[in-house]
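A.B. asks: Here you go, this is input.cif (mmCIF, C-alpha atoms and all ligand atoms).
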data_my_file
#
loop_
_atom_site.group_PDB
_atom_site.id
_atom_site.type_symbol
_atom_site.label_atom_id
_atom_site.label_comp_id
_atom_site.auth_asym_id
_atom_site.auth_seq_id
_atom_site.Cartn_x
_atom_site.Cartn_y
_atom_site.Cartn_z
ATOM 1 C CA MET Q 216 -123.427 -81.776 21.743
ATOM 2 C CA PRO Q 217 -123.546 -79.628 24.888
ATOM 3 C CA ARG Q 218 -124.101 -81.910 27.858
ATOM 4 C CA LEU Q 219 -126.689 -79.766 29.691
ATOM 5 C CA SER Q 220 -128.668 -78.139 26.891
ATOM 6 C CA CYS Q 221 -132.325 -77.212 27.589
ATOM 7 C CA LYS Q 222 -131.806 -77.527 31.334
ATOM 8 C CA LEU Q 223 -132.352 -74.923 34.045
ATOM 9 C CA ALA Q 224 -130.013 -74.957 37.043
ATOM 10 C CA ILE Q 225 -130.112 -73.165 40.378
ATOM 11 C CA VAL Q 226 -126.736 -72.696 42.070
ATOM 12 C CA THR Q 227 -126.479 -71.328 45.622
ATOM 13 C CA GLY Q 228 -123.470 -69.335 46.805
ATOM 14 C CA ALA Q 229 -122.736 -68.559 43.156
ATOM 15 C CA ALA Q 230 -121.317 -65.041 43.560
ATOM 16 C CA ARG Q 231 -117.747 -66.375 43.731
ATOM 17 C CA GLY Q 232 -115.541 -69.417 44.227
ATOM 18 C CA ILE Q 233 -116.773 -72.914 43.464
ATOM 19 C CA GLY Q 234 -120.408 -71.855 42.903
ATOM 20 C CA LEU Q 235 -119.429 -69.299 40.276
ATOM 21 C CA ALA Q 236 -117.205 -71.835 38.498
ATOM 22 C CA ILE Q 237 -120.092 -74.317 38.432
ATOM 23 C CA ALA Q 238 -122.331 -71.649 36.875
ATOM 24 C CA ARG Q 239 -119.697 -70.942 34.193
ATOM 25 C CA HIS Q 240 -119.140 -74.620 33.348
ATOM 26 C CA PHE Q 241 -122.904 -75.247 33.209
ATOM 27 C CA ARG Q 242 -123.250 -72.284 30.813
ATOM 28 C CA ASP Q 243 -120.487 -73.735 28.619
ATOM 29 C CA GLU Q 244 -122.561 -76.930 28.395
ATOM 30 C CA GLY Q 245 -125.676 -75.110 27.186
ATOM 31 C CA CYS Q 246 -127.457 -74.833 30.537
ATOM 32 C CA GLU Q 247 -129.438 -71.813 31.713
ATOM 33 C CA VAL Q 248 -128.334 -70.944 35.234
ATOM 34 C CA VAL Q 249 -129.946 -68.820 37.905
ATOM 35 C CA LEU Q 250 -127.202 -67.584 40.198
ATOM 36 C CA THR Q 251 -128.220 -67.108 43.837
ATOM 37 C CA ASP Q 252 -126.264 -65.816 46.801
ATOM 38 C CA ILE Q 253 -126.522 -63.761 49.979
ATOM 39 C CA ASP Q 254 -123.947 -61.399 48.398
ATOM 40 C CA THR Q 255 -126.295 -59.462 46.147
ATOM 41 C CA GLU Q 256 -123.723 -57.062 44.721
ATOM 42 C CA ASN Q 257 -121.182 -59.613 43.471
ATOM 43 C CA GLY Q 258 -123.921 -62.076 42.564
ATOM 44 C CA GLN Q 259 -125.681 -59.563 40.333
ATOM 45 C CA HIS Q 260 -122.356 -58.485 38.817
ATOM 46 C CA GLU Q 261 -121.334 -62.069 37.948
ATOM 47 C CA ALA Q 262 -124.797 -62.947 36.663
ATOM 48 C CA ASP Q 263 -124.744 -59.873 34.378
ATOM 49 C CA ALA Q 264 -121.338 -60.946 33.064
ATOM 50 C CA LEU Q 265 -122.769 -64.359 32.164
ATOM 51 C CA SER Q 266 -126.074 -62.904 30.875
ATOM 52 C CA PHE Q 267 -127.948 -64.914 33.497
ATOM 53 C CA ARG Q 268 -130.510 -64.027 36.129
ATOM 54 C CA PHE Q 269 -129.502 -63.376 39.729
ATOM 55 C CA ILE Q 270 -131.877 -63.959 42.637
ATOM 56 C CA SER Q 271 -130.920 -62.980 46.172
ATOM 57 C CA LEU Q 272 -131.192 -66.084 48.361
ATOM 58 C CA ASP Q 273 -130.016 -66.656 51.906
ATOM 59 C CA VAL Q 274 -130.040 -70.454 52.108
ATOM 60 C CA ARG Q 275 -131.024 -70.271 55.795
ATOM 61 C CA SER Q 276 -134.276 -68.483 55.000
ATOM 62 C CA GLU Q 277 -137.406 -70.526 54.349
ATOM 63 C CA ASN Q 278 -139.023 -67.357 52.968
ATOM 64 C CA ASP Q 279 -136.242 -66.884 50.418
ATOM 65 C CA TRP Q 280 -136.677 -70.477 49.226
ATOM 66 C CA ALA Q 281 -140.457 -69.928 48.965
ATOM 67 C CA THR Q 282 -139.852 -66.838 46.848
ATOM 68 C CA LEU Q 283 -137.423 -68.762 44.641
ATOM 69 C CA ALA Q 284 -140.070 -71.476 44.215
ATOM 70 C CA THR Q 285 -142.520 -68.922 42.832
ATOM 71 C CA LEU Q 286 -139.904 -67.437 40.478
ATOM 72 C CA CYS Q 287 -138.304 -70.735 39.362
ATOM 73 C CA PRO Q 288 -140.833 -73.472 40.161
ATOM 74 C CA SER Q 289 -139.320 -76.389 38.245
ATOM 75 C CA PRO Q 290 -135.522 -76.514 37.987
ATOM 76 C CA ASP Q 291 -133.769 -79.469 36.329
ATOM 77 C CA ILE Q 292 -130.633 -79.129 38.469
ATOM 78 C CA VAL Q 293 -130.091 -77.731 41.968
ATOM 79 C CA VAL Q 294 -126.577 -77.302 43.350
ATOM 80 C CA ASN Q 295 -126.514 -76.701 47.101
ATOM 81 C CA ASN Q 296 -123.109 -75.070 47.266
ATOM 82 C CA ALA Q 297 -123.337 -72.160 49.734
ATOM 83 C CA GLY Q 298 -121.352 -72.896 52.863
ATOM 84 C CA ILE Q 299 -119.331 -71.297 55.628
ATOM 85 C CA THR Q 300 -116.463 -72.508 57.796
ATOM 86 C CA GLY Q 301 -117.316 -70.415 60.871
ATOM 87 C CA PHE Q 302 -114.022 -68.501 60.559
ATOM 88 C CA GLU Q 303 -115.364 -65.765 58.272
ATOM 89 C CA ASN Q 304 -115.055 -63.099 60.970
ATOM 90 C CA GLY Q 305 -111.697 -64.249 62.313
ATOM 91 C CA LEU Q 306 -110.393 -67.151 64.328
ATOM 92 C CA VAL Q 307 -112.812 -68.350 66.992
ATOM 93 C CA ALA Q 308 -112.735 -71.605 68.930
ATOM 94 C CA HIS Q 309 -114.414 -74.352 66.945
ATOM 95 C CA ASP Q 310 -113.000 -77.330 68.822
ATOM 96 C CA PRO Q 311 -115.343 -79.718 70.691
ATOM 97 C CA GLU Q 312 -114.247 -78.384 74.095
ATOM 98 C CA HIS Q 313 -114.572 -74.623 73.574
ATOM 99 C CA ALA Q 314 -116.975 -73.954 70.693
ATOM 100 C CA THR Q 315 -120.030 -71.944 71.743
ATOM 101 C CA LEU Q 316 -123.490 -73.283 71.015
ATOM 102 C CA ALA Q 317 -124.222 -70.122 69.011
ATOM 103 C CA ASP Q 318 -121.179 -70.662 66.748
ATOM 104 C CA TRP Q 319 -122.036 -74.355 66.383
ATOM 105 C CA HIS Q 320 -125.612 -73.478 65.352
ATOM 106 C CA ALA Q 321 -124.508 -70.738 62.945
ATOM 107 C CA VAL Q 322 -122.399 -73.160 60.895
ATOM 108 C CA HIS Q 323 -125.114 -75.821 60.859
ATOM 109 C CA ARG Q 324 -127.797 -73.311 59.886
ATOM 110 C CA THR Q 325 -125.996 -72.301 56.712
ATOM 111 C CA ASN Q 326 -124.431 -75.603 55.722
ATOM 112 C CA LEU Q 327 -126.977 -78.162 56.869
ATOM 113 C CA ASP Q 328 -130.308 -76.313 57.152
ATOM 114 C CA GLY Q 329 -129.499 -74.557 53.870
ATOM 115 C CA THR Q 330 -128.902 -77.876 52.136
ATOM 116 C CA PHE Q 331 -132.042 -79.423 53.668
ATOM 117 C CA LEU Q 332 -134.155 -76.499 52.390
ATOM 118 C CA GLY Q 333 -132.447 -76.659 48.983
ATOM 119 C CA CYS Q 334 -133.155 -80.383 48.640
ATOM 120 C CA ARG Q 335 -136.792 -79.887 49.691
ATOM 121 C CA TYR Q 336 -137.211 -77.074 47.156
ATOM 122 C CA ALA Q 337 -135.642 -79.294 44.478
ATOM 123 C CA LEU Q 338 -137.895 -82.283 45.218
ATOM 124 C CA HIS Q 339 -141.038 -80.107 45.134
ATOM 125 C CA GLY Q 340 -139.959 -78.553 41.864
ATOM 126 C CA MET Q 341 -138.800 -81.717 40.122
ATOM 127 C CA LYS Q 342 -141.399 -84.301 41.187
ATOM 128 C CA THR Q 343 -144.086 -83.422 38.636
ATOM 129 C CA ARG Q 344 -141.650 -83.939 35.787
ATOM 130 C CA GLY Q 345 -140.118 -86.861 37.691
ATOM 131 C CA THR Q 346 -136.509 -86.144 36.715
ATOM 132 C CA GLY Q 347 -133.720 -83.980 38.023
ATOM 133 C CA ALA Q 348 -130.278 -83.796 39.568
ATOM 134 C CA ILE Q 349 -129.414 -82.467 43.020
ATOM 135 C CA ILE Q 350 -125.765 -81.936 43.855
ATOM 136 C CA ASN Q 351 -124.780 -81.172 47.432
ATOM 137 C CA ILE Q 352 -121.344 -79.695 48.011
ATOM 138 C CA SER Q 353 -120.051 -81.359 51.151
ATOM 139 C CA SER Q 354 -116.318 -81.559 51.891
ATOM 140 C CA ARG Q 355 -113.464 -83.876 52.648
ATOM 141 C CA SER Q 356 -114.189 -82.594 56.183
ATOM 142 C CA GLY Q 357 -117.501 -84.435 56.013
ATOM 143 C CA LEU Q 358 -115.623 -87.747 55.783
ATOM 144 C CA VAL Q 359 -113.098 -87.320 58.594
ATOM 145 C CA GLY Q 360 -112.990 -85.577 61.970
ATOM 146 C CA ILE Q 361 -111.568 -82.043 62.122
ATOM 147 C CA PRO Q 362 -110.768 -81.178 65.755
ATOM 148 C CA GLY Q 363 -110.307 -77.450 65.119
ATOM 149 C CA ALA Q 364 -113.422 -77.079 62.957
ATOM 150 C CA ALA Q 365 -115.861 -79.504 64.567
ATOM 151 C CA ALA Q 366 -119.079 -77.746 63.529
ATOM 152 C CA TYR Q 367 -117.938 -77.509 59.911
ATOM 153 C CA ALA Q 368 -117.008 -81.209 59.860
ATOM 154 C CA SER Q 369 -120.278 -82.213 61.547
ATOM 155 C CA SER Q 370 -122.399 -80.130 59.166
ATOM 156 C CA LYS Q 371 -120.608 -81.513 56.117
ATOM 157 C CA ALA Q 372 -120.943 -85.100 57.390
ATOM 158 C CA ALA Q 373 -124.672 -84.516 57.847
ATOM 159 C CA ILE Q 374 -124.908 -83.221 54.269
ATOM 160 C CA ARG Q 375 -123.314 -86.464 53.070
ATOM 161 C CA ASN Q 376 -125.895 -88.498 54.969
ATOM 162 C CA HIS Q 377 -128.886 -86.351 54.024
ATOM 163 C CA THR Q 378 -127.864 -86.710 50.378
ATOM 164 C CA LYS Q 379 -128.370 -90.460 50.690
ATOM 165 C CA SER Q 380 -131.780 -90.042 52.399
ATOM 166 C CA VAL Q 381 -132.927 -87.745 49.595
ATOM 167 C CA ALA Q 382 -131.633 -90.144 46.935
ATOM 168 C CA LEU Q 383 -133.406 -93.132 48.490
ATOM 169 C CA TYR Q 384 -136.621 -91.178 49.074
ATOM 170 C CA ALA Q 385 -136.784 -90.101 45.438
ATOM 171 C CA ALA Q 386 -136.050 -93.647 44.257
ATOM 172 C CA GLN Q 387 -138.802 -95.061 46.527
ATOM 173 C CA LYS Q 388 -141.226 -92.612 44.974
ATOM 174 C CA GLY Q 389 -140.302 -93.871 41.528
ATOM 175 C CA TRP Q 390 -138.795 -90.545 40.502
ATOM 176 C CA ALA Q 391 -135.624 -90.296 38.418
ATOM 177 C CA ILE Q 392 -134.424 -87.510 40.689
ATOM 178 C CA ARG Q 393 -130.820 -88.174 41.606
ATOM 179 C CA CYS Q 394 -128.982 -86.731 44.579
ATOM 180 C CA ASN Q 395 -125.218 -86.965 45.060
ATOM 181 C CA SER Q 396 -122.580 -85.289 47.217
ATOM 182 C CA VAL Q 397 -119.212 -83.858 46.219
ATOM 183 C CA HIS Q 398 -116.343 -83.784 48.713
ATOM 184 C CA PRO Q 399 -113.571 -81.364 47.802
ATOM 185 C CA ALA Q 400 -110.435 -80.925 49.897
ATOM 186 C CA ALA Q 401 -108.395 -77.710 49.647
ATOM 187 C CA ILE Q 402 -109.654 -75.763 46.638
ATOM 188 C CA LEU Q 403 -108.189 -72.314 46.090
ATOM 189 C CA THR Q 404 -111.088 -69.867 46.507
ATOM 190 C CA PRO Q 405 -111.640 -66.597 48.407
ATOM 191 C CA MET Q 406 -112.602 -68.783 51.399
ATOM 192 C CA TRP Q 407 -108.852 -69.298 51.992
ATOM 193 C CA GLU Q 408 -107.685 -65.726 51.509
ATOM 194 C CA ALA Q 409 -107.840 -64.631 55.158
ATOM 195 C CA MET Q 410 -105.662 -67.611 56.108
ATOM 196 C CA LEU Q 411 -103.133 -67.214 53.277
ATOM 197 C CA GLY Q 412 -102.593 -63.446 53.355
ATOM 198 C CA ASN Q 413 -100.748 -61.524 50.653
ATOM 199 C CA GLY Q 414 -97.319 -61.263 52.215
ATOM 200 C CA PRO Q 415 -94.110 -63.085 51.289
ATOM 201 C CA GLU Q 416 -95.172 -65.989 53.514
ATOM 202 C CA ARG Q 417 -98.180 -66.777 51.292
ATOM 203 C CA GLU Q 418 -96.350 -69.378 49.173
ATOM 204 C CA ALA Q 419 -94.956 -71.135 52.265
ATOM 205 C CA ARG Q 420 -98.403 -71.258 53.871
ATOM 206 C CA MET Q 421 -99.904 -72.716 50.719
ATOM 207 C CA LYS Q 422 -97.176 -75.366 50.631
ATOM 208 C CA ASP Q 423 -97.795 -76.217 54.280
ATOM 209 C CA LEU Q 424 -101.526 -76.575 53.781
ATOM 210 C CA VAL Q 425 -101.091 -79.197 51.059
ATOM 211 C CA ALA Q 426 -98.047 -80.935 52.528
ATOM 212 C CA ASP Q 427 -100.137 -84.064 53.245
ATOM 213 C CA THR Q 428 -101.865 -84.040 49.863
ATOM 214 C CA PRO Q 429 -100.303 -86.620 47.512
ATOM 215 C CA LEU Q 430 -100.637 -84.272 44.510
ATOM 216 C CA LYS Q 431 -98.972 -81.479 46.571
ATOM 217 C CA ARG Q 432 -101.179 -78.639 45.405
ATOM 218 C CA PHE Q 433 -104.527 -76.958 45.921
ATOM 219 C CA GLY Q 434 -107.345 -78.066 43.653
ATOM 220 C CA THR Q 435 -108.993 -75.591 41.307
ATOM 221 C CA VAL Q 436 -112.613 -74.506 41.110
ATOM 222 C CA ASP Q 437 -112.688 -75.806 37.533
ATOM 223 C CA GLU Q 438 -111.777 -79.291 38.731
ATOM 224 C CA VAL Q 439 -114.768 -79.265 41.097
ATOM 225 C CA ALA Q 440 -117.093 -77.813 38.466
ATOM 226 C CA ALA Q 441 -116.113 -80.561 36.008
ATOM 227 C CA ILE Q 442 -117.451 -83.318 38.253
ATOM 228 C CA CYS Q 443 -120.634 -81.308 38.862
ATOM 229 C CA VAL Q 444 -121.224 -81.117 35.097
ATOM 230 C CA MET Q 445 -120.939 -84.893 34.879
ATOM 231 C CA LEU Q 446 -123.313 -85.462 37.824
ATOM 232 C CA ALA Q 447 -125.853 -82.986 36.423
ATOM 233 C CA SER Q 448 -125.792 -84.514 32.966
ATOM 234 C CA ASP Q 449 -127.594 -87.496 31.478
ATOM 235 C CA GLU Q 450 -124.274 -89.365 31.560
ATOM 236 C CA ALA Q 451 -124.972 -89.920 35.266
ATOM 237 C CA THR Q 452 -128.504 -91.317 35.117
ATOM 238 C CA TYR Q 453 -127.507 -94.433 37.130
ATOM 239 C CA ILE Q 454 -125.627 -92.499 39.816
ATOM 240 C CA THR Q 455 -127.556 -91.556 42.952
ATOM 241 C CA GLY Q 456 -126.813 -91.493 46.680
ATOM 242 C CA SER Q 457 -123.108 -91.510 45.892
ATOM 243 C CA GLU Q 458 -120.220 -89.404 47.144
ATOM 244 C CA PHE Q 459 -117.344 -88.099 45.067
ATOM 245 C CA SER Q 460 -114.022 -87.110 46.606
ATOM 246 C CA ILE Q 461 -111.945 -84.547 44.783
ATOM 247 C CA ASP Q 462 -108.941 -84.227 47.031
ATOM 248 C CA GLY Q 463 -105.635 -84.808 45.216
ATOM 249 C CA GLY Q 464 -105.476 -88.308 46.709
ATOM 250 C CA LEU Q 465 -105.708 -87.162 50.339
ATOM 251 C CA LEU Q 466 -108.147 -89.868 51.436
ATOM 252 C CA ALA Q 467 -106.567 -92.653 49.426
ATOM 253 C CA GLY Q 468 -104.434 -93.890 52.314
ATOM 254 C CA SER Q 469 -101.142 -93.226 54.011
ATOM 255 C CA ALA Q 470 -97.858 -92.666 52.231
ATOM 256 C CA ALA Q 471 -95.961 -94.880 54.683
ATOM 257 C CA GLN Q 472 -93.109 -96.729 52.984
ATOM 258 C CA PRO Q 473 -91.178 -99.736 54.252
ATOM 259 C CA GLY Q 474 -87.800 -98.833 55.659
HETATM 260 P P1 LIG A 501 -116.604 -68.971 49.177
HETATM 261 O O1 LIG A 501 -116.568 -68.484 50.567
HETATM 262 O O2 LIG A 501 -115.534 -68.537 48.234
HETATM 263 O O3 LIG A 501 -118.019 -68.643 48.510
HETATM 264 C C1 LIG A 501 -119.199 -68.954 49.187
HETATM 265 C C2 LIG A 501 -120.311 -68.049 48.720
HETATM 266 O O4 LIG A 501 -121.495 -68.422 49.474
HETATM 267 C C3 LIG A 501 -120.044 -66.575 49.014
HETATM 268 O O5 LIG A 501 -120.472 -65.770 47.944
HETATM 269 C C4 LIG A 501 -120.891 -66.331 50.260
HETATM 270 O O6 LIG A 501 -121.329 -64.980 50.387
HETATM 271 C C5 LIG A 501 -122.073 -67.244 49.995
HETATM 272 N N1 LIG A 501 -122.842 -67.508 51.193
HETATM 273 C C6 LIG A 501 -122.421 -67.587 52.482
HETATM 274 N N2 LIG A 501 -123.465 -67.786 53.306
HETATM 275 C C7 LIG A 501 -124.579 -67.836 52.522
HETATM 276 C C8 LIG A 501 -125.949 -68.015 52.787
HETATM 277 N N3 LIG A 501 -126.419 -68.141 54.037
HETATM 278 N N4 LIG A 501 -126.807 -68.044 51.744
HETATM 279 C C9 LIG A 501 -126.364 -67.898 50.483
HETATM 280 N N5 LIG A 501 -125.084 -67.696 50.160
HETATM 281 C C10 LIG A 501 -124.184 -67.670 51.178
HETATM 282 O O7 LIG A 501 -116.655 -70.567 49.300
HETATM 283 P P2 LIG A 501 -116.071 -71.709 48.331
HETATM 284 O O8 LIG A 501 -116.396 -71.405 46.924
HETATM 285 O O9 LIG A 501 -114.680 -71.988 48.723
HETATM 286 O O10 LIG A 501 -116.925 -72.954 48.844
HETATM 287 C C11 LIG A 501 -118.154 -73.330 48.262
HETATM 288 C C12 LIG A 501 -118.611 -74.611 48.926
HETATM 289 O O11 LIG A 501 -117.602 -75.603 48.818
HETATM 290 C C13 LIG A 501 -118.894 -74.455 50.431
HETATM 291 O O12 LIG A 501 -120.010 -75.226 50.794
HETATM 292 C C14 LIG A 501 -117.636 -75.004 51.066
HETATM 293 O O13 LIG A 501 -117.856 -75.484 52.371
HETATM 294 C C15 LIG A 501 -117.309 -76.125 50.096
HETATM 295 N N6 LIG A 501 -115.916 -76.531 50.159
HETATM 296 C C16 LIG A 501 -114.921 -75.648 49.855
HETATM 297 C C17 LIG A 501 -113.601 -76.043 49.941
HETATM 298 C C18 LIG A 501 -112.466 -75.122 49.640
HETATM 299 O O14 LIG A 501 -111.300 -75.489 49.903
HETATM 300 N N7 LIG A 501 -112.684 -73.939 49.079
HETATM 301 C C19 LIG A 501 -113.239 -77.418 50.354
HETATM 302 C C20 LIG A 501 -114.379 -78.249 50.667
HETATM 303 C C21 LIG A 501 -115.660 -77.821 50.561
HETATM 304 P P3 LIG A 501 -120.522 -63.998 51.408
HETATM 305 O O15 LIG A 501 -119.146 -63.883 50.849
HETATM 306 O O16 LIG A 501 -121.305 -62.720 51.376
HETATM 307 O O17 LIG A 501 -120.557 -64.679 52.737
#
Please express the file's structure as structure tokens.

C.D. replies:
Amino acid sequence: MPRLSCKLAIVTGAARGIGLAIARHFRDEGCEVVLTDIDTENGQHEADALSFRFISLDVRSENDWATLATLCPSPDIVVNNAGITGFENGLVAHDPEHATLADWHAVHRTNLDGTFLGCRYALHGMKTRGTGAIINISSRSGLVGIPGAAAYASSKAAIRNHTKSVALYAAQKGWAIRCNSVHPAAILTPMWEAMLGNGPEREARMKDLVADTPLKRFGTVDEVAAICVMLASDEATYITGSEFSIDGGLLAGSAAQPG
């Protein structure tokens, strides 16, 4: 039996990377998915390829969420996946001493405000039926400090916490609307491309970036999508307010050995 049959899912940031993989895995489990993204061209292209609907949605825009609510008023699953690092237009200072307030706000607006609006949309849409699953894509960076990417880490930590507030609020209301966060570490997506480059040094850079990861490799988008399928499905009806690391063992502890 498909694990998500007869369900409707909204995925943000679904034009590529992790969001697109989630849409594909949900489809494979019998789910209807509405792909949304700020990147209308790729989003429409990928939605066409999957025979799904695409709706342009900038997660920072209250108006866009209101429009989505009129077009898709009662989703079963909402995945708040869209996110930025702050380095999309090149390397800028994101450490606590030099980051500008504008850069700090820009990261929080997409990652945190976008997730807040997505959760609010989901609660409004799911409460009449009284069931649903909200999945917020946080990060390993939401569980530890990241000196060179302080706004990203702060926004992802706030997503982790807001997930728990949403979960408890829904439970208090007596709704079976679950809300959980997923915390990937390095997952190979276009987000990394600017840093990795295409030259001969690409392999060495990749190795360096996962040198501290016990499994010594990047994770894949399929590995993240797999846990989202489980959290969206009725296998997870007793899981809410929880956080799921998917990090190749990075947060498990130190590798220090005696001697
Ligand atoms: P990508 O950059 O590959 O894809 C993100 C997508 O979101 C892009 O299509 C992007 O469009 C879109 N997007 C950006 N801003 C907005 C916005 N305001 N509204 C709607 N869509 C937007 O990212 P990943 O797939 O790598 O990451 C997905 C999520 O996973 C993010 O939240 C990220 O922080 C998180 N994550 C990723 C990790 C990784 O190693 N890849 C690790 C930990 C967490 P455009 O290209 O036009 O900007």

A.B. asks: Could you expand the PyMOL selection byres (((chain Q and resi 331) around 10) and not hetatm) into the explicit residues it covers here, written as a ChimeraX atom specification?

C.D. replies: /Q:274-275,295,324-330,332-337,351,373-374,377-378,381

A.B. asks: Let me have all residues with an atom within 7 Å of ligand LIG 501 (chain A), counting all atoms listed in the file, laid out as a PyMOL selection string.

C.D. replies: chain Q and resi 227-234+251-254+272-275+296-300+325-326+352-355+398-407

A.B. asks: Quick one: residues within 9 Å of segment 361-368 of chain Q, only C-alpha atoms counted, chain neighbours fewer than 3 positions away excluded, as a list in words?

C.D. replies: Ile299, Thr300, Gly301, Phe302, Ala308, His309, Asp310, Pro311, Ala314, Asp318, Trp319, His320, Ala321, Val322, His323, Asn326, Ser354, Arg355, Ser356, Gly357, Leu358, Lys371, Ala372 and Ala373 of chain Q

A.B. asks: Hey, can you check how far atom CA of Ala284 of chain Q sits from atom CA of Gly340 of chain Q?

C.D. replies: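 Atom CA of Gly340 of chain Q lies at a distance of 7.5 Å from atom CA of Ala284 of chain Q.
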
A.B. asks: Pick out the closest residue to Val436 of chain Q from this set: Q:Ala470, Q:Ala386, Q:Ile461, Q:Cys394. Count all atoms listed in the file.

C.D. replies: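 Among the listed residues, Q:Ile461 lies closest to Val436 of chain Q.
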
A.B. asks: My list of candidates is Q:Arg420, Q:Arg268, Q:Arg432, Q:His260. Which is closest to Ile225 of chain Q when distances are computed with only C-alpha atoms?

C.D. replies: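 Smallest separation from Ile225 of chain Q among the options: Q:Arg268.
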
A.B. asks: Could you please determine the separation between atom CA of Asp279 of chain Q and atom CA of Leu235 of chain Q in Å, to one decimal place?

C.D. replies: 19.8 Å

A.B. asks: Identify all residues satisfying the PyMOL selection byres (((chain Q and resi 427) around 10) and not hetatm) in the given file; provide them as a PyMOL selection string.

C.D. replies: chain Q and resi 422-426+428-432+463-465+469-470

A.B. asks: Convert the current residue selection to file output with C-alpha atoms, as an mmCIF file, keeping the file's coordinate frame.

C.D. replies:
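Listed below is the output, result.cif:
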data_model
loop_
_atom_site.group_PDB
_atom_site.id
_atom_site.type_symbol
_atom_site.label_atom_id
_atom_site.label_comp_id
_atom_site.auth_asym_id
_atom_site.auth_seq_id
_atom_site.Cartn_x
_atom_site.Cartn_y
_atom_site.Cartn_z
ATOM 1 C CA LYS Q 422 -97.176 -75.366 50.631
ATOM 2 C CA ASP Q 423 -97.795 -76.217 54.280
ATOM 3 C CA LEU Q 424 -101.526 -76.575 53.781
ATOM 4 C CA VAL Q 425 -101.091 -79.197 51.059
ATOM 5 C CA ALA Q 426 -98.047 -80.935 52.528
ATOM 6 C CA THR Q 428 -101.865 -84.040 49.863
ATOM 7 C CA PRO Q 429 -100.303 -86.620 47.512
ATOM 8 C CA LEU Q 430 -100.637 -84.272 44.510
ATOM 9 C CA LYS Q 431 -98.972 -81.479 46.571
ATOM 10 C CA ARG Q 432 -101.179 -78.639 45.405
ATOM 11 C CA GLY Q 463 -105.635 -84.808 45.216
ATOM 12 C CA GLY Q 464 -105.476 -88.308 46.709
ATOM 13 C CA LEU Q 465 -105.708 -87.162 50.339
ATOM 14 C CA SER Q 469 -101.142 -93.226 54.011
ATOM 15 C CA ALA Q 470 -97.858 -92.666 52.231
#

A.B. asks: So, with all atoms listed in the file as the atoms that count, which of Q:Glu458, Q:Ser396, Q:Gln387, Q:Ile270 lies closest to Thr285 of chain Q?

C.D. replies: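 Of all the options, Q:Ile270 lies closest to Thr285 of chain Q.
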
A.B. asks: Generate the missing atoms of segment 314-323 of chain Q up to N, CA, C and O atoms and report them as a tab-separated table (two decimals), in the coordinates of the input.

C.D. replies:
chain	number	residue	atom	x	y	z
Q	314	ALA	N	-116.04	-74.61	71.62
Q	314	ALA	CA	-116.98	-73.95	70.69
Q	314	ALA	C	-118.24	-73.54	71.44
Q	314	ALA	O	-118.73	-74.27	72.30
Q	315	THR	N	-118.77	-72.36	71.11
Q	315	THR	CA	-120.03	-71.94	71.74
Q	315	THR	C	-121.19	-72.58	70.97
Q	315	THR	O	-121.08	-72.90	69.78
Q	316	LEU	N	-122.31	-72.70	71.67
Q	316	LEU	CA	-123.49	-73.28	71.02
Q	316	LEU	C	-123.95	-72.39	69.86
Q	316	LEU	O	-124.37	-72.87	68.81
Q	317	ALA	N	-123.80	-71.06	70.06
Q	317	ALA	CA	-124.22	-70.12	69.01
Q	317	ALA	C	-123.37	-70.31	67.75
Q	317	ALA	O	-123.90	-70.33	66.63
Q	318	ASP	N	-122.05	-70.46	67.92
Q	318	ASP	CA	-121.18	-70.66	66.75
Q	318	ASP	C	-121.46	-72.01	66.08
Q	318	ASP	O	-121.44	-72.14	64.85
Q	319	TRP	N	-121.70	-73.01	66.90
Q	319	TRP	CA	-122.04	-74.36	66.38
Q	319	TRP	C	-123.30	-74.27	65.52
Q	319	TRP	O	-123.36	-74.76	64.40
Q	320	HIS	N	-124.34	-73.60	66.08
Q	320	HIS	CA	-125.61	-73.48	65.35
Q	320	HIS	C	-125.45	-72.68	64.07
Q	320	HIS	O	-126.04	-73.02	63.04
Q	321	ALA	N	-124.65	-71.61	64.12
Q	321	ALA	CA	-124.51	-70.74	62.94
Q	321	ALA	C	-123.97	-71.53	61.75
Q	321	ALA	O	-124.46	-71.39	60.62
Q	322	VAL	N	-122.98	-72.37	61.99
Q	322	VAL	CA	-122.40	-73.16	60.90
Q	322	VAL	C	-123.42	-74.17	60.37
Q	322	VAL	O	-123.60	-74.33	59.16
Q	323	HIS	N	-124.12	-74.83	61.29
Q	323	HIS	CA	-125.11	-75.82	60.86
Q	323	HIS	C	-126.29	-75.17	60.13
Q	323	HIS	O	-126.86	-75.75	59.21
